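Undergrad: My file is protein.csv. It has CSV, C-alpha atoms (C1' of nucleotides):
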```csv
chain,number,residue,atom,x,y,z
A,1500,MET,CA,4.1,45.7,22.9
A,1501,SER,CA,3.9,49.3,22.1
A,1502,THR,CA,2.4,49.7,18.6
A,1503,PRO,CA,-0.6,47.9,17.1
A,1504,ASP,CA,1.6,45.4,15.3
A,1505,GLY,CA,4.0,45.0,18.2
A,1506,ALA,CA,6.9,46.8,16.7
A,1507,THR,CA,8.8,49.4,18.7
A,1508,ILE,CA,9.6,52.7,16.9
A,1509,ASP,CA,13.0,54.3,17.5
A,1510,PRO,CA,12.3,57.8,18.6
A,1511,HIS,CA,15.4,59.0,16.8
A,1512,ASP,CA,14.4,57.5,13.5
A,1513,VAL,CA,11.1,59.2,12.8
A,1514,LEU,CA,11.0,61.8,10.0
A,1515,GLY,CA,10.0,64.7,12.2
A,1516,TYR,CA,12.9,64.2,14.6
A,1517,LEU,CA,15.4,63.7,11.7
A,1518,LEU,CA,14.2,66.8,9.8
A,1519,LYS,CA,14.1,69.0,12.8
A,1520,HIS,CA,17.5,68.1,14.1
A,1521,ALA,CA,19.2,68.1,10.7
A,1522,ALA,CA,17.8,71.6,10.2
A,1523,ALA,CA,18.9,72.8,13.6
A,1524,ARG,CA,22.4,71.3,13.3
A,1525,PHE,CA,23.0,72.8,9.9
A,1526,ALA,CA,21.7,76.2,11.1
A,1527,ALA,CA,24.3,76.1,13.8
A,1528,VAL,CA,27.1,75.1,11.4
A,1529,ALA,CA,26.0,77.8,8.9
A,1530,ASP,CA,25.7,80.5,11.5
A,1531,SER,CA,29.1,79.7,12.8
A,1532,ALA,CA,30.6,79.8,9.3
A,1533,LEU,CA,29.0,83.3,8.8
A,1534,GLU,CA,30.1,84.7,12.1
A,1535,ARG,CA,33.2,86.3,10.7
A,1536,HIS,CA,31.1,88.2,8.2
A,1537,ARG,CA,28.9,89.5,11.0
A,1538,ILE,CA,25.7,88.2,9.4
A,1539,ASP,CA,23.5,85.1,10.1
A,1540,SER,CA,21.7,82.7,7.8
A,1541,LYS,CA,18.5,84.8,7.6
A,1542,GLU,CA,20.5,87.9,6.7
A,1543,LEU,CA,22.5,86.0,4.0
A,1544,GLY,CA,19.1,84.9,2.6
A,1545,VAL,CA,18.2,88.5,2.1
A,1546,LEU,CA,21.6,89.4,0.6
A,1547,ARG,CA,21.2,86.4,-1.7
A,1548,MET,CA,17.8,87.7,-2.9
A,1549,LEU,CA,19.3,91.1,-3.6
A,1550,ALA,CA,22.4,89.9,-5.4
A,1551,GLY,CA,22.1,90.2,-9.1
A,1552,ARG,CA,18.7,92.0,-8.9
A,1553,GLU,CA,17.8,95.5,-9.7
A,1554,GLY,CA,16.2,96.3,-6.4
A,1555,THR,CA,13.4,94.5,-4.5
A,1556,SER,CA,10.6,95.8,-2.4
A,1557,GLN,CA,10.5,94.8,1.2
A,1558,LEU,CA,7.2,93.0,0.7
A,1559,ALA,CA,8.6,91.0,-2.2
A,1560,LEU,CA,11.6,90.0,-0.1
A,1561,ALA,CA,9.5,88.9,2.8
A,1562,ASP,CA,7.2,86.8,0.6
A,1563,ALA,CA,10.1,85.2,-1.3
A,1564,LEU,CA,11.8,84.2,2.0
A,1565,GLY,CA,8.6,83.1,3.7
A,1566,ILE,CA,8.8,85.6,6.5
A,1567,ASP,CA,6.4,88.3,7.7
A,1568,ARG,CA,6.8,91.9,6.3
A,1569,THR,CA,7.0,93.2,9.9
A,1570,THR,CA,10.0,90.9,10.5
A,1571,MET,CA,11.6,92.0,7.3
A,1572,VAL,CA,11.6,95.6,8.6
A,1573,ALA,CA,13.9,94.6,11.5
A,1574,VAL,CA,16.1,92.4,9.3
A,1575,LEU,CA,16.7,95.3,6.9
A,1576,ASP,CA,17.2,97.8,9.7
A,1577,GLY,CA,20.1,95.5,10.9
A,1578,LEU,CA,21.6,95.1,7.4
A,1579,GLU,CA,21.3,98.9,6.7
A,1580,ARG,CA,23.0,99.6,10.0
A,1581,LYS,CA,25.9,97.3,9.0
A,1582,GLY,CA,26.2,99.2,5.7
A,1583,VAL,CA,25.5,96.3,3.4
A,1584,VAL,CA,22.0,97.3,2.3
A,1585,ASP,CA,20.5,100.5,1.1
A,1586,ARG,CA,16.8,101.5,1.1
A,1587,HIS,CA,15.0,104.1,-0.9
A,1588,PRO,CA,11.4,104.7,-2.0
A,1589,ASP,CA,10.5,103.4,-5.5
A,1590,PRO,CA,9.9,106.5,-7.7
A,1591,SER,CA,7.2,104.8,-9.6
A,1592,ASP,CA,5.3,103.7,-6.5
A,1593,ARG,CA,6.3,105.6,-3.4
A,1594,ARG,CA,4.6,103.2,-1.1
A,1595,ARG,CA,7.3,100.7,-1.9
A,1596,ASN,CA,10.7,100.7,-0.3
A,1597,VAL,CA,13.3,99.3,-2.6
A,1598,ALA,CA,16.3,97.5,-1.0
A,1599,GLU,CA,19.6,96.8,-2.8
A,1600,LEU,CA,23.1,95.8,-1.9
A,1601,THR,CA,25.7,98.5,-1.3
A,1602,GLN,CA,29.2,98.0,-2.8
A,1603,GLN,CA,30.3,96.7,0.6
A,1604,GLY,CA,27.2,94.6,0.7
A,1605,GLN,CA,28.1,93.0,-2.6
A,1606,ARG,CA,31.6,92.1,-1.3
A,1607,THR,CA,30.2,90.8,2.0
A,1608,TYR,CA,27.7,88.7,0.1
A,1609,GLU,CA,30.3,87.1,-2.2
A,1610,ALA,CA,32.6,86.2,0.7
A,1611,ALA,CA,29.8,85.0,2.9
A,1612,GLU,CA,28.2,82.9,0.2
A,1613,ALA,CA,31.5,81.2,-0.5
A,1614,ASP,CA,31.8,80.3,3.2
A,1615,TYR,CA,28.2,79.2,3.3
A,1616,LEU,CA,28.6,76.8,0.4
A,1617,ALA,CA,31.8,75.4,1.9
A,1618,ALA,CA,29.8,74.8,5.1
A,1619,GLU,CA,27.1,73.0,3.1
A,1620,ASN,CA,29.8,70.7,1.5
A,1621,ALA,CA,31.4,70.0,4.8
A,1622,PHE,CA,28.0,69.2,6.4
A,1623,LEU,CA,27.2,66.8,3.6
A,1624,SER,CA,30.7,65.3,3.4
A,1625,ALA,CA,29.7,62.1,5.3
A,1626,LEU,CA,27.2,61.2,2.6
A,1627,SER,CA,27.9,59.4,-0.7
A,1628,SER,CA,27.5,61.6,-3.7
A,1629,GLY,CA,24.5,59.6,-4.7
A,1630,ASP,CA,22.8,60.1,-1.3
A,1631,ARG,CA,23.8,63.8,-1.4
A,1632,ALA,CA,22.0,64.3,-4.7
A,1633,ALA,CA,19.0,62.2,-3.6
A,1634,LEU,CA,18.7,64.2,-0.4
A,1635,ARG,CA,18.7,67.5,-2.2
A,1636,ARG,CA,16.3,66.3,-4.8
A,1637,GLY,CA,14.0,64.8,-2.2
A,1638,LEU,CA,14.0,68.0,-0.1
A,1639,ARG,CA,13.4,70.1,-3.1
A,1640,THR,CA,10.3,68.0,-4.0
A,1641,LEU,CA,9.0,68.1,-0.4
A,1642,VAL,CA,9.3,71.9,-0.2
A,1643,VAL,CA,8.0,72.7,-3.6
A,1644,ASP,CA,5.3,70.1,-3.9
A,1645,PRO,CA,4.3,69.0,-0.3
A,1646,ALA,CA,1.9,66.2,-0.9
A,1647,GLY,CA,-1.1,66.5,1.1
A,1648,ALA,CA,0.5,69.4,3.0
A,1649,ALA,CA,-0.8,72.7,4.1
A,1650,PRO,CA,1.8,75.4,3.2
A,1651,ALA,CA,4.1,76.1,6.1
A,1652,ARG,CA,2.7,79.6,6.6
B,1235,MET,CA,27.4,89.2,-11.3
B,1236,SER,CA,26.5,88.2,-7.8
B,1237,THR,CA,29.0,85.5,-6.7
B,1238,PRO,CA,32.8,85.4,-7.2
B,1239,ASP,CA,32.4,83.1,-10.1
B,1240,GLY,CA,29.5,84.9,-11.6
B,1241,ALA,CA,26.9,82.3,-10.9
B,1242,THR,CA,23.6,83.2,-9.3
B,1243,ILE,CA,22.4,81.1,-6.4
B,1244,ASP,CA,18.7,80.2,-6.2
B,1245,PRO,CA,17.6,81.3,-2.7
B,1246,HIS,CA,15.1,78.4,-2.6
B,1247,ASP,CA,17.7,75.8,-3.4
B,1248,VAL,CA,20.2,76.2,-0.6
B,1249,LEU,CA,20.4,73.5,2.0
B,1250,GLY,CA,19.4,75.6,4.9
B,1251,TYR,CA,16.2,76.8,3.3
B,1252,LEU,CA,15.3,73.3,2.1
B,1253,LEU,CA,15.8,71.7,5.5
B,1254,LYS,CA,14.1,74.4,7.5
B,1255,HIS,CA,11.0,74.5,5.2
B,1256,ALA,CA,10.8,70.7,4.9
B,1257,ALA,CA,10.9,70.4,8.7
B,1258,ALA,CA,8.3,73.1,9.1
B,1259,ARG,CA,6.0,71.7,6.5
B,1260,PHE,CA,6.1,68.2,7.9
B,1261,ALA,CA,5.6,69.5,11.5
B,1262,ALA,CA,2.4,71.1,10.2
B,1263,VAL,CA,1.3,67.9,8.5
B,1264,ALA,CA,2.1,65.8,11.5
B,1265,ASP,CA,0.4,68.1,14.1
B,1266,SER,CA,-2.7,68.2,11.9
B,1267,ALA,CA,-2.7,64.4,11.7
B,1268,LEU,CA,-2.4,64.2,15.5
B,1269,GLU,CA,-5.1,66.8,16.3
B,1270,ARG,CA,-7.8,64.3,16.7
B,1271,HIS,CA,-5.8,62.5,19.4
B,1272,ARG,CA,-5.4,65.9,21.2
B,1273,ILE,CA,-1.6,65.7,21.2
B,1274,ASP,CA,1.2,67.3,19.2
B,1275,SER,CA,4.4,66.0,17.7
B,1276,LYS,CA,6.5,66.7,20.8
B,1277,GLU,CA,4.0,64.9,23.1
B,1278,LEU,CA,3.9,61.9,20.7
B,1279,GLY,CA,7.7,61.9,21.0
B,1280,VAL,CA,7.4,61.5,24.8
B,1281,LEU,CA,4.7,58.8,24.5
B,1282,ARG,CA,6.9,57.0,22.0
B,1283,MET,CA,9.8,57.1,24.5
B,1284,LEU,CA,7.6,55.7,27.2
B,1285,ALA,CA,6.0,52.9,25.0
B,1286,GLY,CA,7.6,49.6,25.6
B,1287,ARG,CA,9.7,50.8,28.5
B,1288,GLU,CA,9.5,50.1,32.2
B,1289,GLY,CA,9.4,53.7,33.3
B,1290,THR,CA,11.7,56.6,32.6
B,1291,SER,CA,12.9,59.5,34.7
B,1292,GLN,CA,12.0,63.0,33.5
B,1293,LEU,CA,15.7,63.8,33.0
B,1294,ALA,CA,16.3,60.8,30.9
B,1295,LEU,CA,13.3,61.7,28.8
B,1296,ALA,CA,14.5,65.2,28.3
B,1297,ASP,CA,18.0,64.2,27.4
B,1298,ALA,CA,16.8,61.5,24.9
B,1299,LEU,CA,14.5,64.0,23.1
B,1300,GLY,CA,17.1,66.8,23.2
B,1301,ILE,CA,14.9,69.3,25.2
B,1302,ASP,CA,15.5,70.9,28.5
B,1303,ARG,CA,14.4,69.3,31.8
B,1304,THR,CA,12.4,72.4,32.7
B,1305,THR,CA,10.5,72.1,29.4
B,1306,MET,CA,9.8,68.4,30.1
B,1307,VAL,CA,8.0,69.4,33.3
B,1308,ALA,CA,5.5,71.3,31.4
B,1309,VAL,CA,5.1,68.6,28.7
B,1310,LEU,CA,4.5,66.0,31.3
B,1311,ASP,CA,2.1,68.3,33.2
B,1312,GLY,CA,0.0,68.4,30.0
B,1313,LEU,CA,0.1,64.7,29.3
B,1314,GLU,CA,-0.8,63.9,32.9
B,1315,ARG,CA,-3.7,66.3,32.8
B,1316,LYS,CA,-4.9,64.5,29.7
B,1317,GLY,CA,-4.7,61.2,31.6
B,1318,VAL,CA,-2.2,59.5,29.2
B,1319,VAL,CA,0.8,59.6,31.5
B,1320,ASP,CA,1.4,58.8,35.2
B,1321,ARG,CA,4.2,60.1,37.4
B,1322,HIS,CA,5.5,58.7,40.6
B,1323,PRO,CA,8.8,58.9,42.6
B,1324,ASP,CA,11.3,56.1,41.9
B,1325,PRO,CA,11.4,54.1,45.2
B,1326,SER,CA,15.1,53.4,44.8
B,1327,ASP,CA,16.0,57.1,44.3
B,1328,ARG,CA,13.2,59.4,45.5
B,1329,ARG,CA,14.7,62.4,43.7
B,1330,ARG,CA,13.7,60.8,40.4
B,1331,ASN,CA,10.2,61.0,39.0
B,1332,VAL,CA,9.3,58.1,36.9
B,1333,ALA,CA,6.9,58.6,34.0
B,1334,GLU,CA,4.9,55.8,32.3
B,1335,LEU,CA,1.9,55.4,30.1
B,1336,THR,CA,-1.5,54.9,31.5
B,1337,GLN,CA,-3.7,52.3,29.9
B,1338,GLN,CA,-5.5,55.1,28.1
B,1339,GLY,CA,-2.0,56.5,27.2
B,1340,GLN,CA,-1.0,53.2,25.6
B,1341,ARG,CA,-4.2,53.3,23.5
B,1342,THR,CA,-3.7,56.9,22.6
B,1343,TYR,CA,-0.1,56.2,21.6
B,1344,GLU,CA,-0.9,53.3,19.4
B,1345,ALA,CA,-3.6,55.2,17.5
B,1346,ALA,CA,-1.6,58.4,17.3
B,1347,GLU,CA,1.5,56.6,16.1
B,1348,ALA,CA,-0.5,54.9,13.3
B,1349,ASP,CA,-1.7,58.3,12.1
B,1350,TYR,CA,1.7,59.7,12.4
B,1351,LEU,CA,3.3,57.0,10.3
B,1352,ALA,CA,0.5,57.5,7.7
B,1353,ALA,CA,1.3,61.2,7.6
B,1354,GLU,CA,5.0,60.4,7.0
B,1355,ASN,CA,4.1,58.2,4.1
B,1356,ALA,CA,1.7,60.7,2.6
B,1357,PHE,CA,4.3,63.4,3.0
B,1358,LEU,CA,7.0,61.3,1.2
B,1359,SER,CA,4.6,60.0,-1.4
B,1360,ALA,CA,5.9,62.3,-4.2
B,1361,LEU,CA,9.4,60.8,-3.9
B,1362,SER,CA,10.6,57.6,-5.6
B,1363,SER,CA,11.2,54.8,-3.2
B,1364,GLY,CA,14.9,55.1,-3.9
B,1365,ASP,CA,14.9,58.8,-3.0
B,1366,ARG,CA,12.8,58.1,0.0
B,1367,ALA,CA,15.3,55.6,1.3
B,1368,ALA,CA,18.3,57.9,0.5
B,1369,LEU,CA,16.6,60.8,2.2
B,1370,ARG,CA,16.1,58.9,5.4
B,1371,ARG,CA,19.6,57.4,5.2
B,1372,GLY,CA,21.1,60.8,4.6
B,1373,LEU,CA,19.2,62.5,7.4
B,1374,ARG,CA,20.1,59.8,9.8
B,1375,THR,CA,23.8,60.2,9.0
B,1376,LEU,CA,23.6,64.0,9.3
B,1377,VAL,CA,21.9,63.8,12.7
B,1378,VAL,CA,23.9,61.1,14.2
B,1379,ASP,CA,27.3,62.0,12.7
B,1380,PRO,CA,27.2,65.7,11.8
B,1381,ALA,CA,30.6,66.2,10.0
B,1382,GLY,CA,32.4,69.2,11.4
B,1383,ALA,CA,29.3,70.2,13.3
B,1384,ALA,CA,28.8,71.4,16.8
B,1385,PRO,CA,25.9,69.5,18.4
B,1386,ALA,CA,22.6,71.2,18.0
B,1387,ARG,CA,22.3,71.9,21.7
C,1006,DT,C1',-10.5,101.4,-0.5
C,1007,DA,C1',-6.3,98.8,-0.9
C,1008,DT,C1',-1.4,98.4,-0.4
C,1009,DT,C1',3.3,99.2,1.8
C,1010,DG,C1',6.1,100.1,5.4
C,1011,DT,C1',6.2,100.9,10.3
C,1012,DT,C1',5.5,100.6,15.3
C,1013,DA,C1',3.7,98.6,19.4
C,1014,DT,C1',2.1,94.6,21.3
C,1015,DA,C1',1.4,89.8,22.3
C,1016,DC,C1',2.4,85.2,21.9
C,1017,DT,C1',5.1,80.8,21.5
C,1018,DC,C1',8.9,78.4,22.6
C,1019,DT,C1',12.7,77.5,25.1
C,1020,DA,C1',16.5,78.3,28.3
C,1021,DT,C1',18.6,80.2,32.8
C,1022,DA,C1',18.6,80.9,37.7
C,1023,DA,C1',17.1,79.9,42.0
C,1024,DC,C1',14.7,76.8,45.2
C,1025,DT,C1',13.3,72.2,47.5
C,1026,DA,C1',14.0,67.5,48.3
C,1027,DT,C1',16.7,63.9,48.2
C,1028,DA,C1',21.2,61.4,47.8
D,115,DT,C1',28.1,68.5,47.6
D,116,DA,C1',25.7,66.9,43.7
D,117,DT,C1',21.4,65.6,41.4
D,118,DA,C1',16.2,65.7,40.0
D,119,DG,C1',12.3,68.1,39.8
D,120,DT,C1',10.0,72.5,40.1
D,121,DT,C1',9.0,77.4,39.6
D,122,DA,C1',9.6,82.1,38.2
D,123,DT,C1',11.7,84.7,34.9
D,124,DA,C1',13.8,86.3,30.8
D,125,DG,C1',15.1,86.0,26.0
D,126,DA,C1',14.7,85.0,21.0
D,127,DG,C1',11.8,84.8,17.4
D,128,DT,C1',7.8,85.7,15.2
D,129,DA,C1',3.0,87.2,14.3
D,130,DT,C1',-1.2,90.4,14.9
D,131,DA,C1',-3.3,94.9,15.1
D,132,DA,C1',-3.3,99.5,14.3
D,133,DC,C1',-1.5,103.6,12.0
D,134,DA,C1',0.6,106.8,8.3
D,135,DA,C1',1.7,107.5,3.6
D,136,DT,C1',0.6,106.5,-0.9
D,137,DA,C1',-2.0,104.5,-4.7
```
The structure in this file should be written as structure tokens.

TA:
Amino acid sequence: MSTPDGATIDPHDVLGYLLKHAAARFAAVADSALERHRIDSKELGVLRMLAGREGTSQLALADALGIDRTTMVAVLDGLERKGVVDRHPDPSDRRRNVAELTQQGQRTYEAAEADYLAAENAFLSALSSGDRAALRRGLRTLVVDPAGAAPAR
Amino acid sequence: MSTPDGATIDPHDVLGYLLKHAAARFAAVADSALERHRIDSKELGVLRMLAGREGTSQLALADALGIDRTTMVAVLDGLERKGVVDRHPDPSDRRRNVAELTQQGQRTYEAAEADYLAAENAFLSALSSGDRAALRRGLRTLVVDPAGAAPAR
DNA sequence: TATTGTTATACTCTATAACTATA
DNA sequence: TATAGTTATAGAGTATAACAATA
């Protein structure tokens, strides 16, 4: 027997394995759906933050997306090189660099977001609509209110 | 307006963000629960594969856990150093190295698995039992049968 | 002094390529 | 020739430390 009560645990049915592999698989699906827009999931996350906003400092972007500000520098470098994001100092606090979508960036965001949402739907298509809702609700709770959890960063 | 239909998408409510952060948060919780056994989640995965089995080749272990065989070498090196795993060549095919739990490894596995399962329960405690079941069922479906998905590796 | 962006550096994780031994 | 394990190496991704500009 392998556990104290004699039960054997299926290594593919533990929460950690399921979450990790579901996340990895969806990341692959999403990145492949975004390929034709020449951006990846992380870059879409930045465009999404910028869409419908006046302009956001690099630090605010980094904090909101849960990544380091030094990482954000490289992400924005890439997006600026692609012509979808524009950076300029905040006149009211010149330490801040404000990022915003260019016109092309707005178009890229809209098209990429549509493909991303389609990829979400396709990925979830094997689930009943009830399970789909419960999955999203459950994940939202786990991420927002992680019982007994240290924050992920 | 930020999307074609004018809706704004909450960056914290997209599937990719939710899956990635739920996985990261649980990994932190699980690793912290396993600390006192001096193993991490990946190592527990190996012990779990070995528990209740006759002996498993390194390649079979690697394939089953979805990691590379070169990575498995290092993982088993660590587990052997800790005295929880034993390696010896398979007499019927001396290319194969068979891994199995030591007596201490069996004890470590049982204790660590109990703490891991407790961490799972604590992590999910904010969810209703219906949502908990739906979450697990949904994840299982997504990982086993990823609609329109390229395998994660 | 503290904050923001930046750069250089280091670290973790994992995969690829090449080698040895066995089949 | 092909397979299993090993080693050395490289790459992606990310974080830490230090610095310049600004507050």

Undergrad: Go ahead and compute the interatomic distance for atom CA of Gly1317 of chain B and atom CA of Asp1349 of chain B, in Å to one decimal.

TA: 19.9 Å

Undergrad: Fewer than 3 positions away in the same chain doesn't count, so skip those; otherwise give me all residues within 9 Å of Arg1552 of chain A, counting only C-alpha atoms (C1' of nucleotides), as a list in words.

TA: Met1548, Leu1549, Thr1555 and Glu1599 of chain A; Ser1236 of chain B

Undergrad: Since we have the selection now, will you write its residues out, keeping C-alpha atoms, as a PDB file, in the frame of the given file?

TA:
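Contents of out_9.pdb, as written:
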```pdb
ATOM      1  CA  MET A1548      17.800  87.700  -2.900  1.00  0.00           C
ATOM      2  CA  LEU A1549      19.300  91.100  -3.600  1.00  0.00           C
ATOM      3  CA  THR A1555      13.400  94.500  -4.500  1.00  0.00           C
ATOM      4  CA  GLU A1599      19.600  96.800  -2.800  1.00  0.00           C
TER       5      GLU A1599
ATOM      6  CA  SER B1236      26.500  88.200  -7.800  1.00  0.00           C
TER       7      SER B1236
END
```

Undergrad: With 8 Å as the limit and counting all atoms listed in the file, what residues in chain B lie close to chain D? Please list them as a list in words.

TA: Leu1293, Thr1304, Val1307, Arg1329, Arg1330 and Asn1331 of chain B

Undergrad: Could you tell me which of A:Ala1598, A:Leu1641, A:Leu1560, A:Ala1529 comes closest to Glu1354 of chain B if we count all atoms listed in the file?

TA: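 Answer, going by the shortest atom-to-atom distance: A:Leu1641.
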
Undergrad: Starting from chain C, keep only residues with some atom at most 12 Å from an atom of chain A, counting only C-alpha atoms (C1' of nucleotides), and report them as a PyMOL selection string.

TA: chain C and resi 1007-1013

Undergrad: Would you kindly return, as a list of chain:residue names, each protein, DNA or RNA residue with an atom no farther than 10 Å from any atom of Asp1585 of chain A, considering all atoms listed in the file and excluding same-chain residues fewer than 3 positions away?

TA: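 Surrounding residues, per the criterion: A:Gly1554, A:Leu1575, A:Asp1576, A:Leu1578, A:Glu1579, A:Arg1580, A:Gly1582, A:Asn1596, A:Val1597, A:Ala1598, A:Glu1599, A:Leu1600, A:Thr1601, A:Gln1602, A:Gly1604.
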
Undergrad: Could you turn the residues from that selection into a file that holds C-alpha atoms, as a compact mmCIF listing (two decimals), in the coordinates of the input?

TA:
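The resulting selection-v6.txt:
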```txt
# COMPACT_ATOMS: atom_id res chain seq x y z
CA GLY A 1554 16.20 96.30 -6.40
CA LEU A 1575 16.70 95.30 6.90
CA ASP A 1576 17.20 97.80 9.70
CA LEU A 1578 21.60 95.10 7.40
CA GLU A 1579 21.30 98.90 6.70
CA ARG A 1580 23.00 99.60 10.00
CA GLY A 1582 26.20 99.20 5.70
CA ASN A 1596 10.70 100.70 -0.30
CA VAL A 1597 13.30 99.30 -2.60
CA ALA A 1598 16.30 97.50 -1.00
CA GLU A 1599 19.60 96.80 -2.80
CA LEU A 1600 23.10 95.80 -1.90
CA THR A 1601 25.70 98.50 -1.30
CA GLN A 1602 29.20 98.00 -2.80
CA GLY A 1604 27.20 94.60 0.70
```

Undergrad: Within 10 Å of Leu1358 of chain B, counting all atoms listed in the file, which residues show up once you throw out same-chain ones fewer than 5 positions away? Write them as a list in words, please.

TA: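 Those residues are Leu1514, Gly1637, Leu1638, Thr1640, Leu1641, Pro1645, Ala1646 and Gly1647 of chain A; Phe1260, Ala1352, Ala1353, Ser1363, Asp1365, Arg1366 and Leu1369 of chain B.
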
Undergrad: So which residues touch Asp1530 of chain A within 10 Å, counting all atoms listed in the file, skipping near sequence neighbours fewer than 5 positions away, as a list of chain:residue names?

TA: A:Arg1524, A:Phe1525, A:Arg1535, A:His1536, A:Arg1537, A:Ile1538, A:Asp1539, A:Ser1540, A:Lys1541, A:Leu1543, A:Tyr1615, A:Ala1618

Undergrad: Kindly give the distance, in Å, that separates atom CA of Asp1562 of chain A and atom CA of Ala1613 of chain A, rounded to a single decimal.

TA: 25.0 Å
